[in-house]
Amino acid sequence: MRRALGDGYELDDDPARIDVGYVHHYLAVESYWAQGRERDVVERSIAGSARVLGLYHRGAQVGFARVISDGAVLAYLGDVFVDAAHRGRGLGVELVREAVDGGPQRELSWRLDTSDAGKLYAKFGFRERVAPPSHMERRGGPRP
């Protein structure tokens with residue numbers, strides 16, 4: 001999939017086109033959710049994703065999103081961002097639209113975590129979820 005968005009912007013889901021250095025820098029330095037993430041972890045997360053999307057402006061990458069999925073029941077949207085210099089143009093909406101509605105996971109149940117973009121995701125049917133007592137989570141990292 002490669003789709004022009006106008007004004008020199010385009011979306012592309014070709015993993016070979018992802019600028020891993022740019023994505024790593026954004027996630028490790030500029031994001032609030034992946035501060036300090038190591039480059040090898042970013043590389044493995046991209047390689048292990050069901051789908052990755054790059055947002056490009058005149059050929060340079062300016063945004064990113066990835067989909068993690070079992071391909072049958074569940075999909076998770078993660079590491080979504082648009083560079084600050086390119087925000088306010090509806091590009092985040094198009095990036096999320098393509099990720100959740102444009103790919104092979106569109107009919108699956110979706111999950112995501114966000115602290116600042118709930119209104120954006122609500123446009124695509126995401127709702128805040130109050131985790132029931134049966135909802136459990138295990139975070140990554142060293143074990144005692």
# chains A, B, ... in the order shown; residues from 1 in each chain; ligands from 1
call {"tool": "residues_around", "arguments": {"residues": "range 63-67 of chain A", "least_positions_apart": "4", "cutoff": "7 Å", "atoms": "only C-alpha atoms", "output": "PyMOL selection string"}}
result
chain A and resi 49-56+75-83
call {"tool": "residues_around", "arguments": {"residues": "Lys119 in chain A", "least_positions_apart": "6", "cutoff": "12 Å", "atoms": "only C-alpha atoms", "output": "list of chain:residue names"}}
result
A:Gly92, A:Val93, A:Gly125, A:Phe126, A:Arg127, A:Glu128
call {"tool": "select_by_dssp", "arguments": {"residues": "range 29-139 of chain A", "states": "strand (DSSP E or B)", "output": "PyMOL selection string"}}
result
chain A and resi 51-57+60-69+74-82+109-111
call {"tool": "closest_residue", "arguments": {"among": "A:Arg97, A:Leu74, A:Gly48, A:Ile18", "to": "Ser109 in chain A", "atoms": "only C-alpha atoms"}}
result
A:Leu74
call {"tool": "atom_distance", "arguments": {"atom1": "CA of Thr114 in chain A", "atom2": "CA of Gly59 in chain A"}}
result
28.1 Å
call {"tool": "residues_around", "arguments": {"residues": "Arg89 in chain A", "least_positions_apart": "6", "cutoff": "12 Å", "atoms": "only C-alpha atoms", "output": "list of chain:residue names"}}
result
A:Leu5, A:Gly6, A:Asp7, A:Tyr9, A:Val82, A:Asp83, A:Leu95
call {"tool": "atom_distance", "arguments": {"atom1": "CA of Glu94 in chain A", "atom2": "CA of Val73 in chain A"}}
result
23.6 Å
call {"tool": "atom_distance", "arguments": {"atom1": "CA of Asp13 in chain A", "atom2": "CA of Glu98 in chain A"}}
result
9.4 Å
call {"tool": "select_by_dssp", "arguments": {"residues": "range 9-144 of chain A", "states": "helix (DSSP H, G or I)", "output": "PyMOL selection string"}}
result
chain A and resi 15-17+20-30+39-47+84-86+91-101+118-122
call {"tool": "residues_around", "arguments": {"residues": "Gln105 in chain A", "least_positions_apart": "2", "cutoff": "7 Å", "atoms": "only C-alpha atoms", "output": "PyMOL selection string"}}
result
chain A and resi 71+75+100+103+107-108
call {"tool": "write_last_selection", "arguments": {"atoms": "C-alpha atoms", "output": "mmCIF file, in the first residue's frame"}}
result
data_model
loop_
_atom_site.group_PDB
_atom_site.id
_atom_site.type_symbol
_atom_site.label_atom_id
_atom_site.label_comp_id
_atom_site.auth_asym_id
_atom_site.auth_seq_id
_atom_site.Cartn_x
_atom_site.Cartn_y
_atom_site.Cartn_z
ATOM 1 C CA GLY A 71 -3.978 -12.159 12.639
ATOM 2 C CA ALA A 75 -4.515 -6.328 17.053
ATOM 3 C CA VAL A 100 -6.861 0.193 11.838
ATOM 4 C CA GLY A 103 -5.086 -3.327 6.613
ATOM 5 C CA GLU A 107 -12.059 -6.738 11.405
ATOM 6 C CA LEU A 108 -10.195 -7.710 14.569
#
